[in-house]
$ cat final_17.txt   # compact mmCIF, C-alpha atoms and all ligand atoms
# COMPACT_ATOMS: atom_id res chain seq x y z
CA MET N 746 110.38 122.97 94.85
CA SER N 747 108.44 125.39 97.06
CA ALA N 748 106.86 124.36 100.35
CA SER N 749 103.43 124.24 98.68
CA GLU N 750 104.62 121.84 96.00
CA GLY N 751 104.87 118.30 97.29
CA PRO N 752 106.81 115.45 95.71
CA GLN N 753 103.81 114.92 93.44
CA GLY N 754 104.77 118.11 91.58
CA PRO N 755 103.53 121.65 91.19
CA GLY N 756 99.84 122.40 91.28
CA ARG N 757 98.91 119.51 93.55
CA PRO N 758 97.95 120.31 97.14
CA SER N 759 100.51 119.15 99.69
CA ARG N 760 100.00 118.74 103.38
CA THR N 761 102.05 117.43 106.31
CA ALA N 762 100.34 115.23 108.88
CA ALA N 763 101.59 113.61 112.08
CA VAL N 764 100.49 110.12 113.10
CA ILE N 765 100.86 109.53 116.86
CA PRO N 766 100.76 105.87 117.92
CA ALA N 767 99.34 105.96 121.45
CA ALA N 768 97.71 102.54 121.72
CA GLY N 769 100.32 100.86 123.92
CA ARG N 770 99.69 99.79 127.51
CA GLY N 771 103.01 100.85 128.92
CA VAL N 772 103.82 97.55 130.60
CA ARG N 773 107.37 98.64 131.45
CA LEU N 774 106.06 101.73 133.23
CA GLY N 775 104.21 99.52 135.71
CA PRO N 776 100.54 99.33 136.72
CA GLY N 777 98.23 102.23 135.97
CA ALA N 778 96.40 103.88 133.09
CA PRO N 779 97.57 103.29 129.50
CA LYS N 780 100.92 105.08 129.19
CA ALA N 781 99.75 107.84 126.81
CA LEU N 782 97.08 108.89 129.33
CA ARG N 783 99.43 109.11 132.31
CA THR N 784 100.03 112.72 133.28
CA LEU N 785 103.10 114.96 133.43
CA ARG N 786 102.54 118.16 135.41
CA GLY N 787 98.85 117.24 135.40
CA ILE N 788 98.55 117.00 131.60
CA PRO N 789 98.26 113.64 129.78
CA MET N 790 101.43 112.61 127.95
CA LEU N 791 99.38 112.31 124.76
CA VAL N 792 98.30 115.96 125.02
CA HIS N 793 101.94 117.03 125.38
CA ALA N 794 102.77 114.96 122.28
CA VAL N 795 99.88 116.39 120.22
CA ARG N 796 100.91 119.91 121.23
CA ALA N 797 104.51 119.18 120.22
CA MET N 798 103.36 118.19 116.71
CA ALA N 799 100.80 120.99 116.40
CA GLY N 800 103.51 123.43 117.46
CA SER N 801 105.23 122.94 114.12
CA ARG N 802 103.76 125.35 111.56
CA ALA N 803 104.10 122.66 108.90
CA VAL N 804 101.74 120.23 110.63
CA SER N 805 98.04 120.86 109.93
CA LEU N 806 96.65 117.44 110.82
CA VAL N 807 97.36 115.08 113.73
CA VAL N 808 96.06 111.50 113.70
CA VAL N 809 96.04 109.99 117.18
CA VAL N 810 95.98 106.20 117.31
CA ALA N 811 94.15 105.33 120.53
CA PRO N 812 93.96 102.05 122.46
CA PRO N 813 91.69 99.67 120.48
CA ASP N 814 88.77 100.08 122.90
CA GLY N 815 89.55 103.66 123.94
CA ALA N 816 89.03 105.90 120.89
CA ALA N 817 85.91 107.62 122.28
CA GLU N 818 87.58 108.28 125.65
CA VAL N 819 90.67 109.72 123.95
CA ARG N 820 88.50 111.92 121.70
CA HIS N 821 86.75 113.39 124.77
CA LEU N 822 90.06 113.89 126.55
CA LEU N 823 91.63 115.76 123.63
CA ASP N 824 88.58 117.99 123.30
CA GLU N 825 89.30 119.25 126.84
CA TYR N 826 92.67 120.66 125.81
CA PRO N 827 92.56 123.39 123.17
CA LEU N 828 95.45 123.46 120.73
CA PRO N 829 97.59 126.58 120.32
CA ARG N 830 96.46 127.08 116.69
CA ASP N 831 94.25 125.65 114.02
CA THR N 832 95.15 121.99 113.80
CA GLU N 833 92.77 119.21 112.85
CA VAL N 834 92.90 116.18 115.17
CA LEU N 835 91.51 112.77 114.19
CA VAL N 836 91.32 109.82 116.58
CA VAL N 837 91.31 106.22 115.34
CA PRO N 838 91.51 102.92 117.24
CA GLY N 839 94.88 101.16 117.21
CA GLY N 840 96.04 97.55 117.07
CA GLY N 841 97.98 94.94 118.99
CA THR N 842 101.46 96.09 117.93
CA ARG N 843 102.99 99.49 117.24
CA GLN N 844 103.40 98.54 113.59
CA GLU N 845 99.69 97.70 113.32
CA SER N 846 98.74 100.94 115.11
CA VAL N 847 100.82 103.03 112.69
CA ARG N 848 99.27 101.21 109.72
CA LEU N 849 95.78 102.04 111.02
CA GLY N 850 96.79 105.69 111.49
CA LEU N 851 98.16 105.92 107.95
CA ALA N 852 94.90 104.48 106.60
CA ALA N 853 93.02 107.48 108.07
CA LEU N 854 95.06 110.12 106.18
CA PRO N 855 93.26 112.18 103.55
CA ASP N 856 94.58 112.14 99.96
CA ASP N 857 96.22 115.58 100.06
CA VAL N 858 98.78 114.51 102.70
CA THR N 859 102.17 114.02 101.02
CA THR N 860 104.52 114.17 104.03
CA VAL N 861 103.96 112.09 107.16
CA LEU N 862 105.58 112.27 110.57
CA VAL N 863 105.26 109.27 112.87
CA HIS N 864 105.71 110.29 116.50
CA ASP N 865 105.50 108.19 119.68
CA ALA N 866 103.02 109.49 122.25
CA ALA N 867 105.68 108.25 124.66
CA ARG N 868 108.03 111.09 123.54
CA PRO N 869 105.92 113.98 124.85
CA LEU N 870 108.70 116.56 125.20
CA VAL N 871 110.30 116.67 121.75
CA PRO N 872 111.19 120.33 120.98
CA VAL N 873 109.54 121.97 117.98
CA ASP N 874 112.93 122.67 116.37
CA THR N 875 113.53 118.92 116.09
CA VAL N 876 110.11 118.44 114.47
CA ASP N 877 110.81 121.27 112.03
CA ALA N 878 114.25 119.87 111.14
CA VAL N 879 112.70 116.51 110.22
CA VAL N 880 109.97 118.13 108.11
CA ALA N 881 112.54 120.33 106.34
CA ALA N 882 114.71 117.34 105.42
CA VAL N 883 111.73 115.48 103.92
CA ARG N 884 110.61 118.57 102.00
CA ASP N 885 114.17 118.90 100.69
CA GLY N 886 113.76 115.50 99.06
CA ALA N 887 114.78 112.80 101.55
CA PRO N 888 112.18 109.98 101.46
CA ALA N 889 112.86 108.98 105.08
CA VAL N 890 114.39 111.01 107.93
CA VAL N 891 115.07 110.05 111.54
CA PRO N 892 116.31 112.23 114.41
CA ALA N 893 119.08 110.50 116.30
CA LEU N 894 121.78 111.00 118.91
CA PRO N 895 125.19 109.42 119.50
CA LEU N 896 125.22 106.83 122.29
CA ALA N 897 126.55 107.42 125.76
CA ASP N 898 126.91 103.73 126.56
CA THR N 899 128.97 101.18 124.67
CA VAL N 900 126.65 98.54 123.19
CA LYS N 901 127.24 94.76 123.16
CA GLN N 902 125.47 92.20 121.02
CA VAL N 903 124.73 89.11 123.12
CA GLU N 904 123.28 85.67 122.71
CA PRO N 905 120.12 86.06 124.82
CA ARG N 906 119.41 83.41 127.45
CA THR N 907 115.68 82.69 127.56
CA GLY N 908 113.35 79.94 128.78
CA GLU N 909 115.06 77.52 131.14
CA ARG N 910 118.35 79.41 130.82
CA ALA N 911 116.91 82.85 131.63
CA GLY N 912 119.00 84.64 134.21
CA GLU N 913 122.26 82.89 133.26
CA PRO N 914 125.14 85.15 132.17
CA GLU N 915 124.74 85.92 128.45
CA PRO N 916 127.73 85.43 126.14
CA VAL N 917 128.89 88.51 124.21
CA VAL N 918 128.88 88.02 120.45
CA ALA N 919 130.17 91.40 119.23
CA THR N 920 130.95 94.99 120.23
CA PRO N 921 129.99 97.40 117.44
CA GLU N 922 132.11 100.57 117.29
CA ARG N 923 130.17 103.10 119.33
CA ALA N 924 131.10 106.07 117.16
CA LEU N 925 129.22 104.44 114.25
CA LEU N 926 125.99 103.96 116.22
CA ARG N 927 123.03 106.30 116.75
CA ALA N 928 120.02 106.01 119.05
CA VAL N 929 116.98 106.96 116.99
CA GLN N 930 114.02 108.98 118.16
CA THR N 931 110.77 110.29 116.74
CA PRO N 932 109.20 112.09 114.92
CA GLN N 933 110.45 110.14 111.93
CA GLY N 934 109.50 111.85 108.67
CA PHE N 935 108.55 110.24 105.37
CA ASP N 936 107.37 110.81 101.89
CA ARG N 937 103.89 109.40 102.36
CA ALA N 938 103.97 107.03 99.37
CA THR N 939 107.26 105.51 100.56
CA LEU N 940 105.97 104.85 104.09
CA ALA N 941 102.68 103.45 102.76
CA GLU N 942 104.61 101.07 100.50
CA ALA N 943 106.73 99.91 103.44
CA HIS N 944 103.65 99.20 105.56
CA ALA N 945 101.99 97.38 102.66
CA LYS N 946 104.97 95.23 101.67
CA VAL N 947 107.21 94.67 104.68
CA ALA N 948 106.10 91.89 106.98
CA VAL N 949 107.77 91.84 110.38
CA ALA N 950 107.42 88.77 112.55
CA GLY N 951 106.53 88.61 116.24
CA GLU N 952 106.19 91.92 118.04
CA GLY N 953 106.29 93.87 114.75
CA ALA N 954 108.58 96.75 113.83
CA THR N 955 109.40 99.24 116.59
CA ASP N 956 110.83 101.65 114.03
CA ASP N 957 109.15 102.81 110.80
CA ALA N 958 112.43 103.84 109.20
CA GLY N 959 113.65 100.26 109.58
CA MET N 960 110.74 99.11 107.41
CA VAL N 961 111.66 101.68 104.73
CA GLU N 962 115.27 100.42 104.84
CA ARG N 963 113.97 96.96 103.98
CA LEU N 964 112.47 98.39 100.78
CA GLY N 965 116.02 99.41 99.83
CA VAL N 966 115.19 103.12 100.16
CA GLU N 967 117.80 105.39 101.76
CA VAL N 968 117.08 106.65 105.28
CA VAL N 969 119.00 109.67 106.59
CA VAL N 970 119.63 110.92 110.11
CA VAL N 971 119.34 114.50 111.40
CA PRO N 972 120.35 115.61 114.90
CA GLY N 973 117.90 114.51 117.58
CA HIS N 974 117.43 116.13 120.98
CA GLU N 975 117.92 114.76 124.49
CA GLU N 976 114.45 116.01 125.47
CA ALA N 977 112.95 113.74 122.80
CA PHE N 978 113.70 110.71 125.02
CA LYS N 979 111.06 108.00 125.30
CA VAL N 980 109.16 107.60 128.56
CA THR N 981 109.54 103.86 129.06
CA ARG N 982 110.35 103.07 132.70
CA PRO N 983 109.35 104.79 135.97
CA LEU N 984 112.60 106.79 136.20
CA ASP N 985 111.74 108.40 132.85
CA LEU N 986 108.68 110.01 134.50
CA VAL N 987 110.97 111.67 137.03
CA LEU N 988 113.17 113.00 134.21
CA ALA N 989 110.15 114.25 132.23
CA GLU N 990 108.79 116.13 135.26
CA ALA N 991 112.22 117.68 135.79
CA VAL N 992 112.42 118.82 132.16
CA LEU N 993 108.99 120.48 132.45
CA ALA N 994 109.98 122.15 135.71
CA ARG N 995 113.13 123.53 134.07
CA ARG N 996 111.14 124.81 131.08
CA ARG N 997 108.79 126.59 133.44
CA VAL N 998 111.70 128.36 135.06
CA THR N 999 113.61 129.20 131.87
CA ASP N 1000 110.72 129.99 129.47
CA GLY N 1001 107.83 130.65 131.83
CA PHE N 1002 106.17 127.85 129.84
CA ALA N 1003 104.28 124.64 130.77
N1 LIG N 1101 102.06 101.69 120.59
C1 LIG N 1101 100.87 101.62 119.87
N2 LIG N 1101 100.23 100.41 119.71
C2 LIG N 1101 100.72 99.30 120.30
C3 LIG N 1101 101.92 99.34 121.04
C4 LIG N 1101 102.59 100.57 121.16
O1 LIG N 1101 100.39 102.63 119.35
N3 LIG N 1101 100.04 98.17 120.18
C5 LIG N 1101 102.70 103.01 120.78
C6 LIG N 1101 102.81 103.39 122.26
O2 LIG N 1101 101.56 103.92 122.71
C7 LIG N 1101 103.95 104.38 122.26
C8 LIG N 1101 104.80 103.97 121.05
O3 LIG N 1101 104.03 103.00 120.32
O4 LIG N 1101 103.53 105.72 122.09
C9 LIG N 1101 106.15 103.40 121.49
O5 LIG N 1101 105.94 102.17 122.17
P1 LIG N 1101 106.46 101.83 123.63
O6 LIG N 1101 107.29 102.92 124.18
O7 LIG N 1101 106.95 100.44 123.61
O8 LIG N 1101 105.07 101.91 124.46
P2 LIG N 1101 104.21 100.72 125.04
O9 LIG N 1101 104.15 99.61 124.05
O10 LIG N 1101 102.93 101.32 125.51
O11 LIG N 1101 105.08 100.32 126.33
P3 LIG N 1101 105.53 98.85 126.78
O12 LIG N 1101 106.29 98.28 125.60
O13 LIG N 1101 106.35 99.07 128.00
O14 LIG N 1101 104.24 98.12 127.05
MG MG N 1102 105.93 98.55 123.50
$ encode --input "final_17.txt" --output "structure tokens"
Amino acid sequence: MSASEGPQGPGRPSRTAAVIPAAGRGVRLGPGAPKALRTLRGIPMLVHAVRAMAGSRAVSLVVVVAPPDGAAEVRHLLDEYPLPRDTEVLVVPGGGTRQESVRLGLAALPDDVTTVLVHDAARPLVPVDTVDAVVAAVRDGAPAVVPALPLADTVKQVEPRTGERAGEPEPVVATPERALLRAVQTPQGFDRATLAEAHAKVAVAGEGATDDAGMVERLGVEVVVVPGHEEAFKVTRPLDLVLAEAVLARRRVTDGFA
């Protein structure tokens, strides 16, 4: 199958799009603007993330999922930052959970999109080689691909103490073998029809799914892992901002970039 022939077969147009959920508040980052609009080296995190997707030659469309009441503001913001090459950018309003935001982003995709990347705005520094590796694995036939890294820390499963017992020591239930675990990142790449089916069929209670590949797993479809990158870390807590600024400063020194 050539790059121009999607899973739908020869002769049909095939396009790769990236959906960027950026509708979260960033509660764990502390007070301030919505997380995706906070700046790194003076540039909004969302702009870094859009550039990271647009930097992959495969990606010709980026769908940004903005805070529910902030689509117009995000549209204006993105228009201030030209992209390195011809990439179409759509902005749609998001929802109350990440899962809902991704679903709304998928609904905005045109028919000719056959491969979809889902990428957190909160991972602004993912290198283009990681994006390309995910796209290549999907184009080679994997219906769902996630970049991931081995863990540094050992992980324990606990019985959480909540409500009146919050703050009490939590009993350990199990210690999974660390060598068998991976910490997953984004962009996660999918055959579009598979991801759409997951979002249509898989209901996730409470906060919703934090991981699209997990929803595809529930369909019984195989998900594969490719190597992630340490610079694809998620900006979640204040210390992550310090790390992100340091990565950009290093890039400036080593590549004369950013
Ligand atoms: N996200 C979204 N819509 C939501 C919630 C989250 O589009 N209703 C997006 C975030 O903008 C982020 C990505 O999902 O790019 C990963 O979520 P996370 O890191 O948890 O970001 P926030 O939900 O914003 O942060 P927090 O959980 O600390 O509030
Ligand atoms: Mg969140």
$ atom_distance --input "final_17.txt" --atom1 "CA of Ala928 in chain N" --atom2 "CA of Glu976 in chain N"
13.1 Å
$ residues_near_ligand --input "final_17.txt" --ligand "ligand LIG 1101 (chain N)" --cutoff "10 Å" --atoms "all atoms listed in the file" --output "ChimeraX atom specification"
/N:764-775,779-782,790-791,794,809-813,838-850,863-869,931,952-953,955-956,979-982
$ closest_residue --input "final_17.txt" --among "N:Leu828, N:Ala889, N:Val834, N:Ala958" --to "Thr860 in chain N" --atoms "all atoms listed in the file"
N:Ala889
$ atom_distance --input "final_17.txt" --atom1 "CA of Ala977 in chain N" --atom2 "CA of Ala881 in chain N"
17.7 Å
$ residues_around --input "final_17.txt" --residues "Glu962 in chain N" --least-positions-apart "2" --cutoff "12 Å" --atoms "only C-alpha atoms" --output "JSON, numbers by chain"
{"N": [888, 889, 890, 891, 935, 939, 940, 942, 943, 944, 946, 947, 954, 956, 957, 958, 959, 960, 964, 965, 966, 967, 968, 969]}
$ write_last_selection --input "final_17.txt" --atoms "C-alpha atoms" --output "PDB file, in the coordinates of the input"
ATOM      1  CA  PRO N 888     112.180 109.980 101.460  1.00  0.00           C
ATOM      2  CA  ALA N 889     112.860 108.980 105.080  1.00  0.00           C
ATOM      3  CA  VAL N 890     114.390 111.010 107.930  1.00  0.00           C
ATOM      4  CA  VAL N 891     115.070 110.050 111.540  1.00  0.00           C
ATOM      5  CA  PHE N 935     108.550 110.240 105.370  1.00  0.00           C
ATOM      6  CA  THR N 939     107.260 105.510 100.560  1.00  0.00           C
ATOM      7  CA  LEU N 940     105.970 104.850 104.090  1.00  0.00           C
ATOM      8  CA  GLU N 942     104.610 101.070 100.500  1.00  0.00           C
ATOM      9  CA  ALA N 943     106.730  99.910 103.440  1.00  0.00           C
ATOM     10  CA  HIS N 944     103.650  99.200 105.560  1.00  0.00           C
ATOM     11  CA  LYS N 946     104.970  95.230 101.670  1.00  0.00           C
ATOM     12  CA  VAL N 947     107.210  94.670 104.680  1.00  0.00           C
ATOM     13  CA  ALA N 954     108.580  96.750 113.830  1.00  0.00           C
ATOM     14  CA  ASP N 956     110.830 101.650 114.030  1.00  0.00           C
ATOM     15  CA  ASP N 957     109.150 102.810 110.800  1.00  0.00           C
ATOM     16  CA  ALA N 958     112.430 103.840 109.200  1.00  0.00           C
ATOM     17  CA  GLY N 959     113.650 100.260 109.580  1.00  0.00           C
ATOM     18  CA  MET N 960     110.740  99.110 107.410  1.00  0.00           C
ATOM     19  CA  LEU N 964     112.470  98.390 100.780  1.00  0.00           C
ATOM     20  CA  GLY N 965     116.020  99.410  99.830  1.00  0.00           C
ATOM     21  CA  VAL N 966     115.190 103.120 100.160  1.00  0.00           C
ATOM     22  CA  GLU N 967     117.800 105.390 101.760  1.00  0.00           C
ATOM     23  CA  VAL N 968     117.080 106.650 105.280  1.00  0.00           C
ATOM     24  CA  VAL N 969     119.000 109.670 106.590  1.00  0.00           C
TER      25      VAL N 969
END
$ atom_distance --input "final_17.txt" --atom1 "CA of Val871 in chain N" --atom2 "CA of Leu986 in chain N"
14.5 Å
$ closest_residue --input "final_17.txt" --among "N:Pro872, N:Thr920, N:Val837, N:Ala882" --to "Phe978 in chain N" --atoms "all atoms listed in the file"
N:Pro872
$ closest_residue --input "final_17.txt" --among "N:Leu925, N:Val792, N:Val971, N:Val961" --to "Tyr826 in chain N" --atoms "all atoms listed in the file"
N:Val792
$ residues_around --input "final_17.txt" --residues "Asp877 in chain N" --least-positions-apart "3" --cutoff "8 Å" --atoms "all atoms listed in the file" --output "PyMOL selection string"
chain N and resi 801+803+873-874+880-881
$ residues_around --input "final_17.txt" --residues "Val903 in chain N" --least-positions-apart "6" --cutoff "9 Å" --atoms "all atoms listed in the file" --output "number ranges by chain"
N: 915-919
